[in-house]
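Asks: Please find entry33.txt (compact mmCIF, C-alpha atoms) on the next line:
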```txt
# COMPACT_ATOMS: atom_id res chain seq x y z
CA MET A 1 -16.29 -6.56 7.38
CA TYR A 2 -13.27 -5.34 5.39
CA GLY A 3 -13.39 -8.31 3.02
CA LYS A 4 -16.79 -7.39 1.62
CA GLY A 5 -16.66 -6.81 -2.14
CA LEU A 6 -12.98 -7.77 -2.28
CA ARG A 7 -13.56 -10.47 -4.88
CA ALA A 8 -15.29 -8.09 -7.31
CA LEU A 9 -12.61 -5.48 -6.68
CA SER A 10 -9.83 -8.00 -7.38
CA ILE A 11 -11.46 -9.14 -10.62
CA SER A 12 -11.98 -5.58 -11.84
CA THR A 13 -8.38 -4.71 -10.95
CA ALA A 14 -7.08 -7.67 -12.95
CA ALA A 15 -9.33 -6.75 -15.87
CA VAL A 16 -8.33 -3.08 -15.95
CA MET A 17 -4.63 -3.89 -15.49
CA THR A 18 -4.79 -6.37 -18.38
CA ALA A 19 -6.61 -3.83 -20.54
CA ALA A 20 -4.01 -1.20 -19.63
CA LEU A 21 -1.13 -3.51 -20.61
CA GLY A 22 -2.88 -4.33 -23.88
CA LEU A 23 -3.35 -0.64 -24.64
CA VAL A 24 0.22 0.23 -23.68
CA PHE A 25 1.85 -2.34 -25.94
CA PHE A 26 -0.63 -2.75 -28.79
CA TYR A 27 -2.60 0.49 -29.05
CA ALA A 28 -0.67 3.54 -27.86
CA PRO A 29 1.58 4.91 -30.62
CA LEU A 30 5.32 5.28 -30.16
CA GLU A 31 6.41 8.68 -28.96
CA ALA A 32 8.43 10.64 -31.53
CA GLU A 33 11.47 11.46 -29.37
CA GLN A 34 11.80 8.56 -26.93
CA GLY A 35 10.23 5.82 -28.99
CA PHE A 36 9.60 2.54 -27.20
CA LEU A 37 11.26 3.79 -23.99
CA GLN A 38 8.31 6.13 -23.40
CA LYS A 39 6.17 3.07 -22.52
CA ILE A 40 7.66 3.35 -19.00
CA PHE A 41 5.59 6.54 -18.66
CA TYR A 42 2.42 4.42 -18.37
CA VAL A 43 3.67 2.62 -15.28
CA HIS A 44 5.95 5.20 -13.65
CA VAL A 45 3.63 8.21 -13.63
CA PRO A 46 0.48 6.37 -12.40
CA LEU A 47 2.57 4.78 -9.63
CA ALA A 48 3.83 8.22 -8.57
CA ILE A 49 0.36 9.82 -8.67
CA VAL A 50 -1.30 6.99 -6.75
CA SER A 51 1.52 6.92 -4.21
CA LEU A 52 1.26 10.66 -3.51
CA CYS A 53 -2.56 10.49 -3.36
CA GLY A 54 -2.22 7.61 -0.89
CA PHE A 55 -0.01 9.74 1.35
CA VAL A 56 -2.59 12.53 1.30
CA ALA A 57 -5.39 10.02 1.93
CA GLY A 58 -3.41 8.74 4.93
CA GLY A 59 -3.40 12.30 6.28
CA ILE A 60 -7.15 12.67 5.78
CA MET A 61 -7.75 9.37 7.60
CA ALA A 62 -5.49 10.61 10.39
CA ILE A 63 -7.70 13.71 10.71
CA GLN A 64 -10.66 11.39 11.07
CA HIS A 65 -8.78 9.49 13.77
CA LEU A 66 -8.04 12.62 15.76
CA ARG A 67 -11.64 13.78 15.38
CA THR A 68 -13.34 10.53 16.33
CA ARG A 69 -10.63 8.77 18.39
CA ASP A 70 -11.66 5.63 16.56
CA PRO A 71 -8.61 3.29 16.30
CA ALA A 72 -9.98 1.94 13.01
CA TRP A 73 -9.10 5.27 11.34
CA ASP A 74 -5.57 5.04 12.69
CA MET A 75 -5.34 1.57 11.19
CA ARG A 76 -6.60 2.85 7.80
CA SER A 77 -4.14 5.73 7.88
CA TYR A 78 -1.29 3.34 8.73
CA VAL A 79 -2.20 0.95 5.91
CA ALA A 80 -2.63 3.80 3.39
CA ILE A 81 0.85 5.13 4.17
CA HIS A 82 2.31 1.61 4.21
CA MET A 83 0.90 0.87 0.74
CA SER A 84 1.99 4.27 -0.57
CA LEU A 85 5.54 3.54 0.55
CA ILE A 86 5.49 0.29 -1.43
CA PHE A 87 4.17 2.15 -4.49
CA GLY A 88 6.81 4.81 -3.81
CA VAL A 89 9.54 2.18 -4.07
CA GLY A 90 8.04 1.16 -7.42
CA THR A 91 8.02 4.80 -8.55
CA LEU A 92 11.66 5.33 -7.62
CA ILE A 93 12.85 2.13 -9.29
CA THR A 94 10.87 2.62 -12.51
CA GLY A 95 11.93 6.28 -12.55
CA SER A 96 15.56 5.30 -12.23
CA ILE A 97 15.23 2.80 -15.06
CA TRP A 98 13.60 5.46 -17.24
CA ALA A 99 16.31 7.97 -16.34
CA LYS A 100 19.04 5.48 -17.26
CA GLY A 101 17.42 4.74 -20.62
CA SER A 102 16.62 8.36 -21.36
CA TRP A 103 19.44 10.40 -19.82
CA GLY A 104 22.11 7.75 -19.37
CA HIS A 105 22.17 8.12 -15.57
CA TRP A 106 20.31 6.15 -12.90
CA TRP A 107 19.73 9.31 -10.88
CA VAL A 108 19.97 13.03 -11.63
CA TRP A 109 20.34 15.13 -8.49
CA ASN A 110 19.56 18.48 -10.10
CA GLU A 111 16.16 17.38 -11.35
CA PRO A 112 13.56 18.84 -8.92
CA THR A 113 10.81 16.27 -9.56
CA LEU A 114 13.05 13.31 -8.79
CA VAL A 115 14.62 14.82 -5.70
CA SER A 116 11.31 16.13 -4.33
CA PHE A 117 9.73 12.70 -4.64
CA LEU A 118 12.73 11.18 -2.87
CA ILE A 119 12.33 13.75 -0.06
CA VAL A 120 8.64 12.87 0.33
CA PHE A 121 9.50 9.16 0.29
CA LEU A 122 12.25 9.54 2.92
CA LEU A 123 9.93 11.68 5.05
CA TYR A 124 7.35 8.90 5.09
CA ALA A 125 10.07 6.29 5.63
CA THR A 126 10.39 7.75 9.14
CA TYR A 127 6.71 7.05 9.87
CA GLN A 128 7.18 3.46 11.02
CA PRO A 129 10.26 4.14 13.16
CA LEU A 130 8.28 6.96 14.78
CA ARG A 131 5.48 4.58 15.66
CA PHE A 132 7.96 1.97 16.85
CA ALA A 133 9.64 4.50 19.14
CA ILE A 134 6.47 5.09 21.16
CA GLU A 135 5.34 2.29 23.42
CA ASP A 136 2.04 3.65 24.69
CA PRO A 137 -0.47 2.67 21.95
CA GLU A 138 -2.68 5.72 22.49
CA ARG A 139 0.22 8.16 22.24
CA GLN A 140 1.62 6.17 19.31
CA ALA A 141 -1.65 6.52 17.39
CA ARG A 142 -2.00 10.22 18.26
CA TYR A 143 1.56 11.16 17.30
CA ALA A 144 1.37 9.07 14.13
CA SER A 145 -1.82 10.90 13.15
CA VAL A 146 -0.22 14.29 13.71
CA PHE A 147 2.74 13.16 11.59
CA ALA A 148 0.45 11.84 8.85
CA ILE A 149 -1.51 15.13 8.72
CA THR A 150 1.60 17.32 8.65
CA ALA A 151 3.37 15.19 6.06
CA GLY A 152 0.12 14.84 4.09
CA ALA A 153 -0.13 18.64 3.87
CA PHE A 154 3.52 18.79 2.77
CA VAL A 155 2.87 16.55 -0.25
CA PRO A 156 0.72 18.98 -2.31
CA LEU A 157 2.83 21.95 -1.20
CA ASN A 158 5.93 20.13 -2.39
CA PHE A 159 4.21 19.24 -5.66
CA ILE A 160 3.20 22.86 -6.31
CA ALA A 161 6.67 24.15 -5.39
CA VAL A 162 8.31 21.78 -7.84
CA ARG A 163 5.93 22.74 -10.64
CA MET A 164 6.58 26.41 -9.99
CA SER A 165 10.32 25.91 -10.18
CA THR A 166 12.05 25.79 -13.52
CA ALA A 167 11.82 22.31 -14.94
CA TYR A 168 14.92 20.68 -16.32
CA VAL A 169 13.90 17.99 -18.73
CA HIS A 170 11.37 16.02 -16.68
CA PRO A 171 8.20 15.52 -18.72
CA ARG A 172 5.10 17.26 -17.35
CA VAL A 173 1.99 15.16 -17.10
CA LEU A 174 -0.74 16.67 -14.94
CA GLY A 175 -2.33 19.65 -16.63
CA ALA A 176 -0.75 18.66 -19.91
CA THR A 177 -2.61 15.40 -20.44
CA SER A 178 -4.77 17.22 -22.97
CA ASN A 179 -1.61 17.74 -25.05
CA LEU A 180 -1.19 13.99 -25.38
CA PRO A 181 -2.58 12.46 -28.56
CA GLY A 182 -5.94 10.74 -28.00
CA PRO A 183 -4.68 7.12 -27.93
CA MET A 184 -1.87 8.04 -25.52
CA ALA A 185 -4.22 9.96 -23.22
CA LEU A 186 -6.70 7.06 -23.20
CA THR A 187 -3.93 4.57 -22.42
CA PHE A 188 -2.62 6.77 -19.64
CA VAL A 189 -6.08 7.15 -18.06
CA VAL A 190 -6.69 3.37 -18.18
CA ALA A 191 -3.21 2.70 -16.73
CA LEU A 192 -3.87 5.23 -13.97
CA ALA A 193 -7.22 3.58 -13.21
CA GLY A 194 -5.52 0.18 -13.12
CA ILE A 195 -2.81 1.28 -10.69
CA ALA A 196 -5.40 3.10 -8.53
CA LEU A 197 -7.51 -0.07 -8.43
CA LEU A 198 -4.42 -2.12 -7.57
CA TYR A 199 -3.69 0.25 -4.68
CA THR A 200 -7.30 0.03 -3.44
CA THR A 201 -7.31 -3.77 -3.70
CA LEU A 202 -4.02 -4.18 -1.83
CA PHE A 203 -5.19 -1.63 0.76
CA ARG A 204 -8.36 -3.67 1.33
CA TYR A 205 -6.38 -6.95 1.44
CA GLU A 206 -4.06 -5.51 4.05
CA LEU A 207 -6.96 -4.22 6.16
CA THR A 208 -8.78 -7.55 5.87
CA ALA A 209 -5.67 -9.51 6.87
CA LYS A 210 -5.02 -7.27 9.87
CA HIS A 211 -8.66 -7.44 10.92
CA ALA A 212 -8.74 -11.23 10.57
CA ARG A 213 -5.63 -11.47 12.72
CA ALA A 214 -7.16 -9.15 15.29
CA GLN A 215 -10.30 -11.29 15.37
CA LEU A 216 -8.15 -14.38 15.92
CA ARG A 217 -6.33 -12.74 18.81
CA ALA A 218 -9.63 -11.69 20.37
CA LEU A 219 -10.90 -15.23 20.00
CA ARG A 220 -7.74 -16.68 21.51
CA ARG A 221 -7.99 -14.27 24.42
CA ARG A 222 -11.57 -15.29 25.10
CA LEU A 223 -10.80 -18.99 24.76
CA ALA A 224 -7.52 -19.15 26.61
CA GLY A 225 -7.97 -16.35 29.11
CA ASP A 226 -4.81 -15.32 30.93
CA ASP A 227 -2.51 -17.42 28.73
CA ALA A 228 -3.39 -15.29 25.76
CA LEU A 229 -2.88 -12.13 27.76
CA VAL A 230 0.64 -13.31 28.55
CA SER A 231 1.25 -13.79 24.85
CA VAL A 232 -0.03 -10.26 24.25
CA SER A 233 2.47 -8.87 26.73
CA ARG A 234 5.25 -10.83 25.02
CA ARG A 235 4.61 -9.01 21.76
CA GLY A 236 6.46 -5.99 23.09
CA ARG A 237 6.53 -2.85 20.98
CA SER A 238 4.87 -2.78 17.63
CA ALA A 239 4.76 -0.20 14.87
CA ALA A 240 1.38 -1.54 13.78
CA PRO A 241 -1.66 0.29 15.15
CA THR A 242 -4.31 -1.37 17.25
CA THR A 243 -8.04 -1.57 16.77
CA LEU A 244 -8.44 -2.36 20.47
CA HIS A 245 -9.28 0.54 22.71
CA PRO A 246 -5.97 1.73 24.24
CA ALA A 247 -7.27 1.51 27.81
CA ALA A 248 -8.34 -2.08 27.27
CA MET A 249 -4.96 -2.87 25.75
CA MET A 250 -3.10 -1.43 28.73
CA THR A 251 -5.25 -3.58 31.01
CA ALA A 252 -4.43 -6.59 28.90
CA ARG A 253 -0.71 -5.85 29.04
CA GLY A 254 -0.87 -5.27 32.78
CA ALA A 255 -2.66 -8.56 33.27
CA GLY A 256 -0.06 -10.20 31.09
CA ARG A 257 2.75 -8.95 33.30
CA ASP A 258 0.88 -10.17 36.39
CA GLY A 259 0.57 -13.52 34.74
CA LEU A 260 4.32 -13.68 34.24
CA MET B 1 -6.84 -15.79 -33.11
CA ALA B 2 -3.73 -16.08 -35.23
CA GLY B 3 -5.25 -13.60 -37.65
CA VAL B 4 -5.87 -11.10 -34.88
CA LEU B 5 -2.32 -11.49 -33.59
CA ALA B 6 -0.98 -10.99 -37.11
CA GLN B 7 -2.74 -7.61 -37.24
CA LEU B 8 -1.08 -6.40 -34.04
CA PRO B 9 2.05 -4.28 -34.38
CA ALA B 10 5.34 -5.99 -33.57
CA LEU B 11 7.00 -4.82 -30.36
CA PRO B 12 10.22 -2.99 -31.15
CA LEU B 13 12.50 -4.77 -28.69
CA HIS B 14 15.69 -2.90 -29.51
CA GLU B 15 17.88 -0.97 -27.07
CA ALA B 16 14.92 0.44 -25.09
CA GLY B 17 13.30 -2.98 -24.76
CA LYS B 18 15.36 -4.05 -21.75
CA TYR B 19 14.53 -0.83 -19.85
CA VAL B 20 10.81 -1.10 -20.56
CA ALA B 21 10.83 -4.78 -19.64
CA GLY B 22 12.74 -3.93 -16.44
CA ALA B 23 10.18 -1.29 -15.40
CA TYR B 24 7.22 -3.61 -15.92
CA VAL B 25 9.01 -6.50 -14.23
CA VAL B 26 9.50 -4.24 -11.18
CA LEU B 27 5.74 -3.68 -10.95
CA PHE B 28 5.08 -7.38 -11.43
CA ALA B 29 7.70 -8.30 -8.81
CA LEU B 30 6.24 -5.87 -6.27
CA VAL B 31 2.80 -7.42 -6.65
CA LEU B 32 4.28 -10.92 -6.56
CA ILE B 33 6.23 -10.21 -3.36
CA TYR B 34 3.08 -8.77 -1.80
CA VAL B 35 1.06 -11.86 -2.76
CA ALA B 36 3.80 -14.07 -1.28
CA ILE B 37 3.70 -12.12 1.99
CA MET B 38 -0.09 -12.43 2.04
CA ALA B 39 0.23 -16.18 1.47
CA ILE B 40 2.57 -16.47 4.48
CA ARG B 41 0.11 -14.48 6.59
CA LEU B 42 -2.77 -16.64 5.43
CA GLY B 43 -0.81 -19.74 6.42
CA ARG B 44 -0.20 -18.25 9.87
CA ILE B 45 -3.89 -17.43 10.30
CA GLU B 46 -4.81 -20.97 9.22
CA ARG B 47 -2.36 -22.43 11.75
CA GLU B 48 -3.72 -20.23 14.54
CA LEU B 49 -7.27 -21.19 13.63
CA GLY B 50 -6.27 -24.84 13.93
CA GLU B 51 -4.79 -24.16 17.36
CA LEU B 52 -7.96 -22.40 18.45
CA LEU B 53 -10.07 -25.26 17.18
CA GLU B 54 -7.99 -27.65 19.26
CA LEU B 55 -8.31 -25.35 22.25
CA SER B 56 -12.09 -25.10 21.87
CA GLU B 57 -12.34 -28.91 21.65
CA ARG B 58 -10.35 -29.27 24.87
CA THR B 59 -12.42 -26.63 26.72
CA PRO B 60 -16.05 -27.07 25.69
CA VAL B 61 -17.21 -24.56 28.32
CA ALA B 62 -15.43 -21.82 26.46
CA ALA B 63 -17.74 -22.28 23.50
CA GLY B 64 -20.37 -20.08 25.09
CA VAL B 65 -17.80 -17.40 25.79
CA VAL B 66 -16.65 -17.34 22.18
CA GLY B 67 -20.09 -16.23 21.12
CA ASP B 68 -19.50 -12.94 22.94
CA ALA B 69 -16.39 -12.16 20.94
CA ASP B 70 -16.67 -8.73 19.42
CA PRO B 71 -14.30 -8.50 16.46
CA ALA B 72 -14.67 -4.72 16.34
CA ARG B 73 -12.94 -4.49 19.70
CA ALA B 74 -10.30 -6.89 18.59
CA GLU B 75 -6.64 -6.85 19.49
CA PRO B 76 -3.68 -5.50 17.62
CA PRO B 77 -2.87 -6.70 14.17
CA VAL B 78 0.74 -7.38 13.34
```
Mind turning the file's structure into structure tokens?

Replies:
Amino acid sequence: MYGKGLRALSISTAAVMTAALGLVFFYAPLEAEQGFLQKIFYVHVPLAIVSLCGFVAGGIMAIQHLRTRDPAWDMRSYVAIHMSLIFGVGTLITGSIWAKGSWGHWWVWNEPTLVSFLIVFLLYATYQPLRFAIEDPERQARYASVFAITAGAFVPLNFIAVRMSTAYVHPRVLGATSNLPGPMALTFVVALAGIALLYTTLFRYELTAKHARAQLRALRRRLAGDDALVSVSRRGRSAAPTTLHPAAMMTARGAGRDGL
Amino acid sequence: MAGVLAQLPALPLHEAGKYVAGAYVVLFALVLIYVAIMAIRLGRIERELGELLELSERTPVAAGVVGDADPARAEPPV
């Protein structure tokens, strides 16, 4: 189900990423002030944008989960936030490298854009521990959705607040893309598309892998009966959401305990 | 091909080169680590499939039951 179209998506991601790299290194002109160092812009900024959009998307999927009570939406929200955290790590590392090359420091604490992104990242870093802290899968999914919606609303508010504050020396991108020379703007758009496609592909891979594993567990349960239920009960707590209806899962766990 | 490459501008790998290389290596490493994790997961799924195949061979009656499996109501992913 989730794997449909994954091959075409992977190929297009590879193609766009390759095109983006080609444009970055062989087409986009060198920036007057930063020179070659500015090439980091084409990886750092798209990573940040896609990561923040992923957090917001996770919140929207969480709204869908609360509306429909469909565990699949909880799973999507979980995976979206999980992938955004990975992209967030990439943003922070590439940002630090750029800061070191540009300002001579790995981190500048009085730069609002850097610190605000770190705050958002740390906020979402608590998402998995929150899930892990709640044993009941239904409550876990519900609380995680509320968290994802609240934090998802915080992301654009944080972004607007930072833009309204006085900027130090952090380059502005959104809203000023039109100020970029044509070749730079084109390269940036292609790089952004490439990173967005990479995010979508990895998101779909993750969903497919989790779904395949869930199918295997269902198959094992049907084949092995109580033995599999015992193995389910042995899993203990998990931060990962479930696509099984919570009531059915509780029954399974209860049966597992009886089996032991 | 060599002619095309000759037309391309040379990359200025001076002081900034190591920082730019570092940033792109980070992206590459992230993707590579993710692919490695996916490979481990795939191996685990393959192993479990093998176990299930063995199980189904040992219990032929269960074959009819398997047909009822509804993946949409499947159990928790890890």

Asks: Find the residues of chain A that sit at most 8 Å from chain B; for each, write down the nearest two atoms and how far apart they are in Å, to one decimal. Count only C-alpha atoms. Sort by chain, then by number going up, and give it as a tab-separated table.

Replies:
```
residue	atom	partner	partner_atom	distance
A:Phe25	CA	B:Leu11	CA	7.2
A:Phe26	CA	B:Pro9	CA	6.4
A:Phe36	CA	B:Ala16	CA	6.1
A:Leu37	CA	B:Ala16	CA	5.1
A:Lys39	CA	B:Val20	CA	6.5
A:Ile40	CA	B:Val20	CA	5.7
A:Val43	CA	B:Tyr24	CA	7.2
A:His44	CA	B:Ala23	CA	7.9
A:Ile86	CA	B:Leu30	CA	7.9
A:Gly90	CA	B:Leu27	CA	6.4
A:Ile93	CA	B:Val26	CA	7.4
A:Thr94	CA	B:Ala23	CA	4.9
A:Ile97	CA	B:Tyr19	CA	6.1
A:Trp98	CA	B:Tyr19	CA	6.9
A:Gly101	CA	B:Tyr19	CA	6.3
A:Ala209	CA	B:Arg41	CA	7.6
A:Lys210	CA	B:Pro77	CA	4.8
A:His211	CA	B:Pro77	CA	6.7
A:Ala212	CA	B:Ile45	CA	7.9
A:Arg213	CA	B:Pro77	CA	5.7
A:Ala214	CA	B:Glu75	CA	4.8
A:Gln215	CA	B:Pro71	CA	5.0
A:Leu216	CA	B:Leu49	CA	7.2
A:Arg217	CA	B:Glu75	CA	5.9
A:Ala218	CA	B:Ala74	CA	5.2
A:Leu219	CA	B:Ala69	CA	6.4
A:Arg220	CA	B:Leu52	CA	6.5
A:Arg222	CA	B:Val66	CA	6.2
A:Leu223	CA	B:Ala62	CA	5.7
A:Ala224	CA	B:Leu55	CA	7.6
A:Ser238	CA	B:Val78	CA	7.5
A:Ala240	CA	B:Val78	CA	5.9
A:Pro241	CA	B:Pro76	CA	6.6
A:Thr242	CA	B:Pro76	CA	4.2
A:Thr243	CA	B:Pro76	CA	5.9
A:Leu244	CA	B:Glu75	CA	4.9
A:His245	CA	B:Arg73	CA	6.9
A:Met249	CA	B:Glu75	CA	7.6
```

Asks: Please, what distance in Å, to one decimal, runs between CA of Val155 (chain A) and CA of Trp103 (chain A)?

Replies: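 Computing the Euclidean distance for CA of Val155 (chain A) and CA of Trp103 (chain A) yields 26.4 Å.
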
Asks: Name all residues at most 10 Å from Tyr27 (chain A) (count all atoms listed in the file; drop same-chain ones fewer than 3 positions away) and give them as an MDAnalysis selection string.

Replies: (chainID A and resid 20:24 30 183:184 186:187) or (chainID B and resid 8:9)

Asks: As an exercise, work out the distance from CA of Val50 (chain A) to CA of Pro29 (chain A) in Å and give it to one decimal place.

Replies: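 Taking CA of Val50 (chain A) as the start and CA of Pro29 (chain A) as the end point, the length is 24.1 Å.
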
Asks: Which value, in Å to one decimal, gives the distance between CA of Ser102 (chain A) and CA of Phe41 (chain A)?

Replies: 11.5 Å

Asks: What's the 9 Å shell around Ser96 (chain A), counting only C-alpha atoms, without same-chain residues fewer than 4 positions away, as a ChimeraX atom specification?

Replies: /A:91-92,100-101,105-108

Asks: Emit as AutoDock Vina command-line options the padded axis-aligned box for all listed atoms of region 15-23 of chain B, 6 Å per side, with centre and edge lengths in Å to one decimal.

Replies:
```
--center_x 14.0 --center_y -2.2 --center_z -21.2 --size_x 19.7 --size_y 17.2 --size_z 23.7
```
